[in-house]
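S.K.: Pasting in a structure now, in structure tokens, and then I'll have a few things to ask.
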Amino acid sequence: MLKELASPSRRFTSRIETRESVWVDWRCAGREDISRVRNISLGGLLVETQMSRGVGSTVDLEFLVPEGQIRADAVVKRVEPSRGLAMKFTVINEEDHARLAALMNRLRQPS
């Protein structure tokens, strides 16, 4: 079952800086890239990339993490020059959402 995420104007969950390597394979407008995730929340993420995409562009994400397959659809919310793209999750299925929560719990643990 797919879970459609609400479209709030403010962030409901805090972002976690990824102190260890978290990578995501993402596709947008026929292009594909693998990028480091700089920070993440249950609502979205910031990927480190030099590849620019316009605000509102839709993105297919697949995380490359030990928790297993995590796939999500997202939309570009902000472009941060020299830093990357801020994306908001728009659709994620329940199983992938559970694995995303497990990833977040791991990242919250002290090193």
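Here's how to read the names in the structure tokens: chain A, B, ... by the order shown, residue numbers from 1 in each chain, ligand numbers from 1 in the order shown.
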Per DSSP on the backbone, filter stretch 22-111 of chain A down to the residues in alpha helix (DSSP H) and report them as JSON, numbers by chain.
M.R.: {"A": [94, 95, 96, 97, 98, 99, 100, 101, 102, 103, 104, 105, 106, 107, 108]}
S.K.: Residues within 7 Å of stretch 81-88 of chain A, please, as a PyMOL selection string. Count only C-alpha atoms; anything in the same chain fewer than 3 positions from it doesn't count.
M.R.: chain A and resi 43-50+74-78
S.K.: Generate the output file for the selected residues, N, CA, C and O atoms, as a short mmCIF file (atom, residue, chain, number, x, y, z; two decimals), in the first residue's frame.
M.R.:
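After the write, part_16.cif holds the following:
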data_model
loop_
_atom_site.label_atom_id
_atom_site.label_comp_id
_atom_site.auth_asym_id
_atom_site.auth_seq_id
_atom_site.Cartn_x
_atom_site.Cartn_y
_atom_site.Cartn_z
N GLY A 43 10.37 13.41 6.67
CA GLY A 43 9.67 14.18 5.65
C GLY A 43 10.48 14.53 4.42
O GLY A 43 9.93 14.94 3.39
N GLY A 44 11.81 14.39 4.50
CA GLY A 44 12.63 14.76 3.35
C GLY A 44 14.11 14.64 3.62
O GLY A 44 14.53 14.09 4.64
N LEU A 45 14.92 15.18 2.72
CA LEU A 45 16.37 15.06 2.82
C LEU A 45 17.06 16.15 2.01
O LEU A 45 16.43 16.82 1.19
N LEU A 46 18.34 16.30 2.28
CA LEU A 46 19.20 17.19 1.49
C LEU A 46 20.30 16.32 0.91
O LEU A 46 21.03 15.64 1.64
N VAL A 47 20.39 16.28 -0.44
CA VAL A 47 21.44 15.51 -1.10
C VAL A 47 22.53 16.45 -1.59
O VAL A 47 22.25 17.55 -2.06
N GLU A 48 23.75 15.98 -1.46
CA GLU A 48 24.93 16.74 -1.90
C GLU A 48 25.14 16.45 -3.38
O GLU A 48 25.40 15.30 -3.76
N THR A 49 24.99 17.47 -4.22
CA THR A 49 25.17 17.26 -5.65
C THR A 49 25.47 18.58 -6.34
O THR A 49 25.07 19.65 -5.87
N GLN A 50 26.19 18.50 -7.44
CA GLN A 50 26.42 19.67 -8.29
C GLN A 50 25.38 19.73 -9.41
O GLN A 50 25.27 20.71 -10.12
N ALA A 74 9.82 11.96 -4.44
CA ALA A 74 10.04 13.24 -3.77
C ALA A 74 9.89 14.37 -4.77
O ALA A 74 9.81 14.14 -5.98
N VAL A 75 9.90 15.57 -4.26
CA VAL A 75 9.86 16.77 -5.09
C VAL A 75 10.95 17.72 -4.57
O VAL A 75 11.19 17.80 -3.37
N VAL A 76 11.62 18.38 -5.51
CA VAL A 76 12.67 19.35 -5.13
C VAL A 76 11.98 20.58 -4.54
O VAL A 76 11.13 21.19 -5.19
N LYS A 77 12.34 20.91 -3.31
CA LYS A 77 11.75 22.06 -2.63
C LYS A 77 12.68 23.28 -2.64
O LYS A 77 12.22 24.41 -2.59
N ARG A 78 13.98 23.02 -2.65
CA ARG A 78 14.96 24.10 -2.59
C ARG A 78 16.24 23.68 -3.28
O ARG A 78 16.64 22.53 -3.18
#
S.K.: Excluding A:Arg99 and any residue of its chain fewer than 3 positions from it, enumerate the residues within 8 Å of it, using only C-alpha atoms, and give them as a list in words.
M.R.: Glu67, Gly68, Gln69, Ile70, Glu95, Asp96, Ala102 and Leu103 of chain A
S.K.: Find the residue from A:Asn39, A:Asn105, A:Thr58, A:Thr18 that sits nearest to A:Val91; use only C-alpha atoms when measuring.
M.R.: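 Between A:Asn39, A:Asn105, A:Thr58, A:Thr18, the residue approaching A:Val91 most closely is A:Thr58.
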S.K.: Write out as an MDAnalysis selection string all residues of chain A that backbone DSSP assigns to strand (DSSP E).
M.R.: chainID A and resid 2:4 16:17 23:28 31:40 44:48 58:64 70:80 84:93
S.K.: Within 9 Å of A:Arg53, counting only C-alpha atoms, which residues show up once you throw out same-chain ones fewer than 3 positions away? Write them as a list in words, please.
M.R.: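 Close residues of A:Arg53: Cys28, Ala29, Gly56, Ser57, Val76, Val79 and Leu85 of chain A.
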S.K.: Figure out the distance between atom CA of A:Ala101 and atom CA of A:Ile16, please, to one decimal in Å.
M.R.: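 Distance between the two atoms: 11.9 Å.
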S.K.: So what do you get for atom CA of A:Ile34 versus atom CA of A:Ser14, distance-wise?
M.R.: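 Going from atom CA of A:Ile34 over to atom CA of A:Ser14, I get 23.8 Å.
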S.K.: Smallest atom-to-atom distance to A:Leu107: which of A:Thr90, A:Ile40, A:Trp26, A:Val59, using only C-alpha atoms?
M.R.: A:Ile40
